[in-house]
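Data from start.cif: mmCIF, C-alpha atoms and all ligand atoms
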data_structure
loop_
_atom_site.label_atom_id
_atom_site.label_comp_id
_atom_site.auth_asym_id
_atom_site.auth_seq_id
_atom_site.Cartn_x
_atom_site.Cartn_y
_atom_site.Cartn_z
CA MET O 1 102.82 104.13 87.58
CA ALA O 2 105.34 105.12 90.25
CA LEU O 3 108.78 106.27 89.09
CA LEU O 4 110.39 103.96 91.63
CA GLU O 5 108.80 100.94 93.22
CA LEU O 6 110.30 98.49 95.67
CA GLU O 7 108.19 95.44 96.27
CA ASN O 8 108.97 92.91 98.97
CA VAL O 9 112.66 93.71 98.83
CA SER O 10 115.00 91.90 101.18
CA ALA O 11 118.75 92.34 101.43
CA SER O 12 121.47 90.99 103.66
CA TYR O 13 125.17 91.17 104.35
CA GLY O 14 126.19 87.54 104.65
CA SER O 15 124.02 86.17 107.42
CA ILE O 16 122.99 89.63 108.67
CA GLU O 17 119.53 90.48 107.39
CA ALA O 18 119.43 94.25 106.77
CA LEU O 19 116.13 94.65 104.87
CA CYS O 20 113.08 92.49 105.29
CA ASN O 21 110.28 92.70 102.71
CA ILE O 22 110.40 96.42 102.09
CA ASP O 23 107.57 98.02 100.10
CA LEU O 24 108.18 101.57 99.05
CA HIS O 25 107.32 103.78 96.12
CA VAL O 26 108.22 107.22 94.87
CA GLU O 27 105.99 109.03 92.38
CA ALA O 28 107.48 111.26 89.72
CA GLY O 29 107.82 114.78 91.11
CA GLU O 30 107.84 113.77 94.77
CA ILE O 31 110.34 114.23 97.55
CA VAL O 32 110.11 111.17 99.74
CA THR O 33 112.12 110.72 102.90
CA LEU O 34 113.22 107.62 104.71
CA ILE O 35 113.80 108.09 108.42
CA GLY O 36 115.03 105.64 111.02
CA ALA O 37 117.58 105.05 113.75
CA ASN O 38 121.22 104.15 113.13
CA GLY O 39 121.41 100.71 111.59
CA ALA O 40 117.75 100.66 110.54
CA GLY O 41 118.67 99.96 106.92
CA LYS O 42 118.34 103.36 105.23
CA THR O 43 121.70 103.25 103.47
CA THR O 44 121.08 99.63 102.55
CA THR O 45 117.77 100.61 100.94
CA LEU O 46 119.49 103.18 98.73
CA MET O 47 122.41 100.88 97.88
CA THR O 48 120.03 98.08 96.93
CA THR O 49 118.00 100.47 94.77
CA SER O 50 121.01 101.75 92.85
CA GLY O 51 122.42 98.28 92.35
CA ILE O 52 125.55 98.68 94.49
CA LEU O 53 124.15 95.93 96.65
CA ARG O 54 122.18 93.06 95.20
CA ALA O 55 118.72 92.43 96.61
CA LYS O 56 118.21 88.93 97.96
CA SER O 57 114.61 88.88 96.82
CA GLY O 58 111.80 91.14 95.69
CA ARG O 59 111.25 93.50 92.79
CA ILE O 60 112.63 96.94 92.07
CA ARG O 61 111.14 98.86 89.17
CA PHE O 62 112.39 102.23 87.99
CA ASP O 63 110.80 104.18 85.17
CA GLY O 64 109.07 101.05 83.93
CA LYS O 65 112.19 98.86 83.96
CA ASP O 66 113.23 96.01 86.20
CA LEU O 67 116.36 96.99 88.12
CA ILE O 68 117.23 93.74 89.84
CA GLY O 69 120.46 92.43 88.36
CA VAL O 70 121.23 95.65 86.47
CA PRO O 71 124.77 96.74 87.40
CA ALA O 72 125.18 100.08 89.20
CA HIS O 73 126.93 101.85 86.29
CA GLU O 74 124.03 101.01 83.99
CA VAL O 75 121.47 102.18 86.54
CA VAL O 76 123.02 105.68 86.39
CA GLY O 77 122.44 105.69 82.64
CA LEU O 78 118.75 105.02 83.21
CA GLY O 79 118.45 108.29 85.13
CA LEU O 80 118.96 107.24 88.71
CA ALA O 81 121.77 109.02 90.57
CA HIS O 82 122.99 108.03 94.02
CA SER O 83 124.86 110.45 96.24
CA PRO O 84 126.28 108.08 98.86
CA GLU O 85 126.79 108.53 102.57
CA GLY O 86 130.11 110.09 103.62
CA ARG O 87 130.82 112.29 100.59
CA ARG O 88 132.91 109.79 98.61
CA ILE O 89 134.26 112.34 96.19
CA PHE O 90 137.55 111.74 94.39
CA SER O 91 140.02 113.64 96.51
CA ARG O 92 142.87 113.90 93.98
CA MET O 93 140.65 115.07 91.16
CA THR O 94 139.67 118.68 90.83
CA VAL O 95 136.18 119.93 91.57
CA LEU O 96 135.51 120.21 87.84
CA GLU O 97 136.81 116.69 87.14
CA ASN O 98 134.59 115.31 89.88
CA LEU O 99 131.58 116.97 88.28
CA GLU O 100 132.56 115.76 84.80
CA LEU O 101 132.83 112.27 86.19
CA GLY O 102 129.25 112.59 87.40
CA ALA O 103 128.26 113.16 83.79
CA PHE O 104 130.11 110.10 82.49
CA GLY O 105 127.95 108.16 80.11
CA ARG O 106 126.36 111.33 78.74
CA SER O 107 127.43 112.51 75.34
CA ASP O 108 125.59 115.86 75.06
CA LYS O 109 128.54 118.15 75.70
CA GLU O 110 126.46 121.32 75.75
CA GLY O 111 123.96 119.85 78.16
CA ILE O 112 126.75 118.69 80.48
CA GLN O 113 128.30 122.16 80.43
CA LYS O 114 124.93 123.69 81.25
CA ASP O 115 124.36 121.33 84.14
CA ILE O 116 127.85 121.92 85.54
CA ASN O 117 127.28 125.67 85.30
CA ARG O 118 124.03 125.12 87.14
CA VAL O 119 125.94 123.40 89.97
CA PHE O 120 128.26 126.43 90.15
CA GLU O 121 125.23 128.72 90.25
CA LEU O 122 123.71 126.79 93.15
CA PHE O 123 127.04 126.43 94.94
CA PRO O 124 129.19 129.43 93.94
CA ILE O 125 132.05 128.27 96.17
CA LEU O 126 132.47 125.20 93.94
CA GLY O 127 132.84 127.48 90.92
CA GLU O 128 135.56 129.47 92.66
CA ARG O 129 137.34 126.24 93.56
CA ARG O 130 136.82 124.44 90.28
CA HIS O 131 140.52 123.71 89.74
CA GLN O 132 141.23 122.76 93.32
CA ALA O 133 141.63 119.12 94.35
CA GLY O 134 138.40 117.75 95.84
CA GLY O 135 140.22 116.46 98.90
CA THR O 136 141.27 119.96 99.90
CA LEU O 137 137.69 121.22 100.14
CA SER O 138 136.10 121.60 103.56
CA GLY O 139 133.66 118.94 104.69
CA GLY O 140 130.65 121.06 103.77
CA GLU O 141 132.08 121.89 100.36
CA GLN O 142 132.73 118.21 99.70
CA GLN O 143 129.13 117.50 100.60
CA MET O 144 128.03 120.08 98.03
CA LEU O 145 130.36 118.53 95.47
CA ALA O 146 128.87 115.09 96.10
CA LEU O 147 125.40 116.50 95.47
CA GLY O 148 126.66 118.42 92.42
CA ARG O 149 128.22 115.29 90.99
CA ALA O 150 124.92 113.44 91.30
CA MET O 151 123.19 116.38 89.58
CA ALA O 152 125.64 116.25 86.69
CA SER O 153 124.20 112.96 85.51
CA ARG O 154 120.92 114.85 85.03
CA PRO O 155 118.90 112.26 86.92
CA LYS O 156 115.18 111.67 86.97
CA LEU O 157 115.58 110.32 90.46
CA LEU O 158 118.15 111.44 93.00
CA LEU O 159 118.97 109.18 95.95
CA LEU O 160 120.52 111.25 98.72
CA ASP O 161 122.11 109.61 101.74
CA GLU O 162 122.57 112.03 104.64
CA PRO O 163 123.43 115.06 102.51
CA SER O 164 123.59 117.35 105.55
CA LEU O 165 125.55 115.08 107.88
CA GLY O 166 128.07 116.98 109.96
CA LEU O 167 127.37 120.34 108.35
CA ALA O 168 127.03 123.71 110.00
CA PRO O 169 123.43 125.03 110.12
CA LEU O 170 124.05 127.46 107.27
CA PHE O 171 125.24 124.67 104.97
CA VAL O 172 122.38 122.43 106.09
CA HIS O 173 119.88 125.09 105.06
CA ARG O 174 121.63 125.61 101.75
CA ILE O 175 121.56 121.88 100.97
CA PHE O 176 117.85 121.66 101.79
CA GLU O 177 117.13 124.73 99.66
CA VAL O 178 118.97 123.18 96.74
CA ILE O 179 117.04 119.92 97.10
CA ARG O 180 113.77 121.88 97.04
CA GLU O 181 114.91 123.83 94.01
CA LEU O 182 115.98 120.73 92.11
CA ASN O 183 112.64 119.18 92.88
CA ARG O 184 110.83 122.25 91.54
CA GLU O 185 112.83 121.79 88.35
CA GLY O 186 111.43 118.28 88.05
CA VAL O 187 113.93 116.05 89.83
CA THR O 188 112.32 113.37 92.00
CA VAL O 189 114.11 112.77 95.30
CA LEU O 190 114.45 109.93 97.78
CA LEU O 191 116.13 111.43 100.82
CA VAL O 192 117.71 109.77 103.84
CA GLU O 193 118.36 112.23 106.65
CA GLN O 194 119.35 112.22 110.31
CA ASN O 195 117.66 115.58 110.54
CA ALA O 196 114.19 114.06 110.52
CA ARG O 197 112.39 117.30 111.29
CA MET O 198 113.81 119.16 108.31
CA ALA O 199 113.43 116.14 106.07
CA LEU O 200 109.76 115.69 106.98
CA LYS O 201 109.08 119.39 106.46
CA LEU O 202 110.63 119.22 103.03
CA ALA O 203 109.20 115.88 101.91
CA HIS O 204 105.77 115.19 100.48
CA ARG O 205 105.77 111.75 102.08
CA GLY O 206 107.89 109.71 104.41
CA TYR O 207 108.59 106.17 105.52
CA VAL O 208 109.78 105.04 108.93
CA LEU O 209 112.24 102.17 108.85
CA GLU O 210 112.86 100.08 111.97
CA THR O 211 115.41 97.25 111.91
CA GLY O 212 114.92 96.55 108.25
CA ARG O 213 111.15 96.90 108.13
CA ILE O 214 108.86 99.76 107.12
CA THR O 215 106.66 100.38 110.14
CA LEU O 216 104.89 103.58 109.20
CA THR O 217 104.24 105.72 106.15
CA ASP O 218 102.29 108.94 105.71
CA THR O 219 102.59 112.48 104.43
CA GLY O 220 105.50 114.47 105.82
CA GLU O 221 103.03 116.71 107.58
CA ASN O 222 101.23 113.85 109.34
CA LEU O 223 104.47 112.14 110.35
CA LEU O 224 105.60 115.38 111.99
CA LYS O 225 102.43 115.26 114.10
CA ASN O 226 102.71 111.56 114.88
CA GLU O 227 103.50 110.97 118.57
CA ARG O 228 105.63 107.90 117.95
CA VAL O 229 107.66 109.76 115.37
CA GLN O 230 107.97 112.75 117.66
CA SER O 231 109.33 110.76 120.58
CA ALA O 232 111.59 108.49 118.55
CA TYR O 233 112.98 110.81 115.88
CA LEU O 234 112.16 114.40 116.72
CA GLY O 235 113.38 114.48 120.31
CA GLU O 236 110.05 115.61 121.73
N1 LIG O 301 129.02 95.97 104.85
C1 LIG O 301 128.27 95.50 105.85
N2 LIG O 301 128.52 94.29 106.39
C2 LIG O 301 127.76 93.78 107.39
N3 LIG O 301 126.71 94.43 107.92
C3 LIG O 301 126.42 95.62 107.43
C4 LIG O 301 127.17 96.24 106.38
N4 LIG O 301 126.63 97.44 106.11
C5 LIG O 301 125.59 97.58 106.95
N5 LIG O 301 125.46 96.48 107.74
C6 LIG O 301 124.42 96.27 108.78
O1 LIG O 301 123.14 96.39 108.18
C7 LIG O 301 122.25 97.12 109.00
C8 LIG O 301 121.71 98.33 108.24
O2 LIG O 301 122.76 99.23 107.99
P1 LIG O 301 122.57 100.59 107.21
O3 LIG O 301 123.90 101.11 106.91
O4 LIG O 301 121.65 100.37 106.07
O5 LIG O 301 121.82 101.47 108.31
P2 LIG O 301 121.39 103.02 108.27
O6 LIG O 301 119.92 103.04 108.54
O7 LIG O 301 121.87 103.66 107.04
O8 LIG O 301 122.15 103.58 109.56
P3 LIG O 301 122.88 105.00 109.82
O9 LIG O 301 121.81 105.95 110.24
O10 LIG O 301 123.80 104.70 110.98
O11 LIG O 301 123.60 105.40 108.58
C9 LIG O 301 123.05 97.48 110.26
O12 LIG O 301 122.73 96.57 111.26
C10 LIG O 301 124.49 97.34 109.83
O13 LIG O 301 125.32 96.97 110.90
MG MG O 302 123.26 105.15 106.65
#
Go ahead and render the structure in this file as structure tokens.
Ligand SMILES: Nc1ncnc2c1ncn2[C@@H]1O[C@H](COP(=O)(O)OP(=O)(O)OP(=O)(O)O)[C@@H](O)[C@H]1O
Ligand SMILES: [Mg+2]
Amino acid sequence: MALLELENVSASYGSIEALCNIDLHVEAGEIVTLIGANGAGKTTTLMTTSGILRAKSGRIRFDGKDLIGVPAHEVVGLGLAHSPEGRRIFSRMTVLENLELGAFGRSDKEGIQKDINRVFELFPILGERRHQAGGTLSGGEQQMLALGRAMASRPKLLLLDEPSLGLAPLFVHRIFEVIRELNREGVTVLLVEQNARMALKLAHRGYVLETGRITLTDTGENLLKNERVQSAYLGE
């Protein structure tokens, strides 16, 4: 059974239909990427999955449980972490407090400490700045903090929305390296990325989303070779 399965999921904002009968699954251990143009519905797919937005219809199953109707804060407790688009860290809280907040709902103090130390290992700059207010970090550092905060809930599945958006190439590479490393450690990843080429190289499989519908799915490797994908998303 897939770790995450969306079946016939539709979602809308008032009268605006954003997702139309989406079918998508992520197996345990996979990195799966969702690519698509601006406004295609990528963010909406992640928000619907994590319960921030309520699906209009369809089924969402995670780790054997039905997610529809489960509030977002309970979804985190089931092992699904969502690192949203646009950083969304708490700017007045320190780096450490932001990470601790990611672990809210966990009671294994030692485990939390270990996971936070792991974040500092992967992103040493966050360790150096642990007592600094989140809002004073650079954009790239805030991006790392957002990813670190999602890691601190020790998720089975990590939903990442544009983790490299607006970052310098060096930071982009670091973020992708960390995603690969987390995946090697057993974290399953559903990744939304503007940088389709890097995302498809990293991912085992991918889905192409066009105006709220999945139009293509294949291995990352095959999608990279697909002419339609190349002209629409890879600038070739
Ligand atoms: N809060 C909202 N209210 C109304 N419409 C919305 C809202 N959020 C998104 N939409 C619309 O839903 C559609 C899908 O948006 P979504 O944010 O999921 O796209 P996306 O694929 O993540 O795009 P991007 O690459 O620009 O982040 C768009 O047409 C968008 O205008
Ligand atoms: Mg988006």
Mind running chain O against ligand MG 302 (chain O) at 8 Å and telling me each contacting residue's nearest atom pair with the distance in Å (one decimal), counting only C-alpha atoms and all ligand atoms, chain and number ascending, as JSON lines?
{"residue": "O:Asn38", "atom": "CA", "partner": "O:MG302", "partner_atom": "MG", "distance": 6.9}
{"residue": "O:Gly39", "atom": "CA", "partner": "O:MG302", "partner_atom": "MG", "distance": 6.9}
{"residue": "O:Gly41", "atom": "CA", "partner": "O:MG302", "partner_atom": "MG", "distance": 6.9}
{"residue": "O:Lys42", "atom": "CA", "partner": "O:MG302", "partner_atom": "MG", "distance": 5.4}
{"residue": "O:Thr43", "atom": "CA", "partner": "O:MG302", "partner_atom": "MG", "distance": 4.0}
{"residue": "O:Thr44", "atom": "CA", "partner": "O:MG302", "partner_atom": "MG", "distance": 7.2}
{"residue": "O:Glu85", "atom": "CA", "partner": "O:MG302", "partner_atom": "MG", "distance": 6.4}
{"residue": "O:Asp161", "atom": "CA", "partner": "O:MG302", "partner_atom": "MG", "distance": 6.7}
{"residue": "O:Glu162", "atom": "CA", "partner": "O:MG302", "partner_atom": "MG", "distance": 7.2}
{"residue": "O:Val192", "atom": "CA", "partner": "O:MG302", "partner_atom": "MG", "distance": 7.7}
List all protein, DNA and RNA residues that have at least one atom no more than 12 Å from any atom of ligand LIG 301 (chain O), counting all atoms listed in the file, and write them as a compact mmCIF listing (two decimals) with C-alpha atoms, keeping the file's coordinate frame.
# COMPACT_ATOMS: atom_id res chain seq x y z
CA SER O 10 115.00 91.90 101.18
CA ALA O 11 118.75 92.34 101.43
CA SER O 12 121.47 90.99 103.66
CA TYR O 13 125.17 91.17 104.35
CA GLY O 14 126.19 87.54 104.65
CA SER O 15 124.02 86.17 107.42
CA ILE O 16 122.99 89.63 108.67
CA GLU O 17 119.53 90.48 107.39
CA ALA O 18 119.43 94.25 106.77
CA LEU O 19 116.13 94.65 104.87
CA CYS O 20 113.08 92.49 105.29
CA LEU O 34 113.22 107.62 104.71
CA ILE O 35 113.80 108.09 108.42
CA GLY O 36 115.03 105.64 111.02
CA ALA O 37 117.58 105.05 113.75
CA ASN O 38 121.22 104.15 113.13
CA GLY O 39 121.41 100.71 111.59
CA ALA O 40 117.75 100.66 110.54
CA GLY O 41 118.67 99.96 106.92
CA LYS O 42 118.34 103.36 105.23
CA THR O 43 121.70 103.25 103.47
CA THR O 44 121.08 99.63 102.55
CA THR O 45 117.77 100.61 100.94
CA LEU O 46 119.49 103.18 98.73
CA MET O 47 122.41 100.88 97.88
CA THR O 48 120.03 98.08 96.93
CA THR O 49 118.00 100.47 94.77
CA ILE O 52 125.55 98.68 94.49
CA LEU O 53 124.15 95.93 96.65
CA PRO O 84 126.28 108.08 98.86
CA GLU O 85 126.79 108.53 102.57
CA GLY O 86 130.11 110.09 103.62
CA LEU O 160 120.52 111.25 98.72
CA ASP O 161 122.11 109.61 101.74
CA GLU O 162 122.57 112.03 104.64
CA PRO O 163 123.43 115.06 102.51
CA LEU O 165 125.55 115.08 107.88
CA LEU O 191 116.13 111.43 100.82
CA VAL O 192 117.71 109.77 103.84
CA GLU O 193 118.36 112.23 106.65
CA GLN O 194 119.35 112.22 110.31
CA ASN O 195 117.66 115.58 110.54
CA ALA O 196 114.19 114.06 110.52
CA VAL O 208 109.78 105.04 108.93
CA LEU O 209 112.24 102.17 108.85
CA GLU O 210 112.86 100.08 111.97
CA THR O 211 115.41 97.25 111.91
CA GLY O 212 114.92 96.55 108.25
CA ARG O 213 111.15 96.90 108.13
CA ILE O 214 108.86 99.76 107.12
CA TYR O 233 112.98 110.81 115.88
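Each of O:Ala55, O:Val189, O:Leu224, O:Val95 was compared to Val70 in chain O using only C-alpha atoms, and O:Ala55 turns out to be the nearest.
Here CA of Gly51 in chain O and CA of Val32 in chain O stand 19.3 Å from one another.
In this model, the gap between CA of Leu170 in chain O and CA of Ala81 in chain O comes to 25.0 Å.
If you measure from each of O:Asn21, O:Asn98, O:Ala199, O:Ile179 to Gly135 in chain O using all atoms listed in the file, the closest one turns out to be O:Asn98.
Atom pair CA of Ser83 in chain O / CA of Asn222 in chain O has a distance of 27.2 Å (rounded to one decimal).
In this comparison, which uses only C-alpha atoms, the residue of O:Gly186, O:Gly69, O:Gly206, O:Gly166 approaching Ser138 in chain O most closely is O:Gly166.
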Item to check | Residue among O:Val75, O:Leu137, O:Leu167, O:Val172 lying closest to Gly105 in chain O, counting only C-alpha atoms | outcome: O:Val75
Hey, could you pull the box centre and edge lengths for range 150-159 of chain O, axis-aligned, 5 Å padding per side, all listed atoms, to one decimal in Å, as lines of an AutoDock Vina configuration file?
center_x = 120.4
center_y = 112.8
center_z = 90.5
size_x = 20.5
size_y = 17.2
size_z = 20.9
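Minimum atom-to-atom distance to Thr215 in chain O, evaluated using all atoms listed in the file, belongs to O:Arg228 out of O:Arg106, O:Arg228, O:Arg54, O:His73.
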Item to check | Selection near Gln132 in chain O, 12 Å with all atoms listed in the file, sequence-local residues under 6 positions removed, as a ChimeraX atom specification | outcome: /O:90-98,125-126,138,141-142,145
I need the residues from that last selection saved to file as a compact mmCIF listing (two decimals), keeping the file's coordinate frame (with C-alpha atoms), if you can.
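Ended up saving to result_20.txt:
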# COMPACT_ATOMS: atom_id res chain seq x y z
CA PHE O 90 137.55 111.74 94.39
CA SER O 91 140.02 113.64 96.51
CA ARG O 92 142.87 113.90 93.98
CA MET O 93 140.65 115.07 91.16
CA THR O 94 139.67 118.68 90.83
CA VAL O 95 136.18 119.93 91.57
CA LEU O 96 135.51 120.21 87.84
CA GLU O 97 136.81 116.69 87.14
CA ASN O 98 134.59 115.31 89.88
CA ILE O 125 132.05 128.27 96.17
CA LEU O 126 132.47 125.20 93.94
CA SER O 138 136.10 121.60 103.56
CA GLU O 141 132.08 121.89 100.36
CA GLN O 142 132.73 118.21 99.70
CA LEU O 145 130.36 118.53 95.47
If we draw a sphere of 10 Å around (118.2, 107.8, 84.3), which residues have at least one atom in it when counting only C-alpha atoms? Please report them as a JSON list (two decimals) with C-alpha atoms, keeping the file's coordinate frame.
[["chain", "number", "residue", "atom", "x", "y", "z"],
["O", 62, "PHE", "CA", 112.39, 102.23, 87.99],
["O", 63, "ASP", "CA", 110.80, 104.18, 85.17],
["O", 74, "GLU", "CA", 124.03, 101.01, 83.99],
["O", 75, "VAL", "CA", 121.47, 102.18, 86.54],
["O", 76, "VAL", "CA", 123.02, 105.68, 86.39],
["O", 77, "GLY", "CA", 122.44, 105.69, 82.64],
["O", 78, "LEU", "CA", 118.75, 105.02, 83.21],
["O", 79, "GLY", "CA", 118.45, 108.29, 85.13],
["O", 80, "LEU", "CA", 118.96, 107.24, 88.71],
["O", 81, "ALA", "CA", 121.77, 109.02, 90.57],
["O", 153, "SER", "CA", 124.20, 112.96, 85.51],
["O", 154, "ARG", "CA", 120.92, 114.85, 85.03],
["O", 155, "PRO", "CA", 118.90, 112.26, 86.92],
["O", 156, "LYS", "CA", 115.18, 111.67, 86.97],
["O", 157, "LEU", "CA", 115.58, 110.32, 90.46],
["O", 158, "LEU", "CA", 118.15, 111.44, 93.00]]
Checklist entry - Which protein, DNA or RNA residues are at most 6 Å from (109.6, 102.4, 103.0) in the file's coordinates when you count only C-alpha atoms, listed as a ChimeraX atom specification? => result /O:23-24,207,214
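Distances from O:Lys109, O:Arg174, O:His25, O:Lys225 to Ile60 in chain O were compared using all atoms listed in the file, and the smallest one belongs to O:His25.
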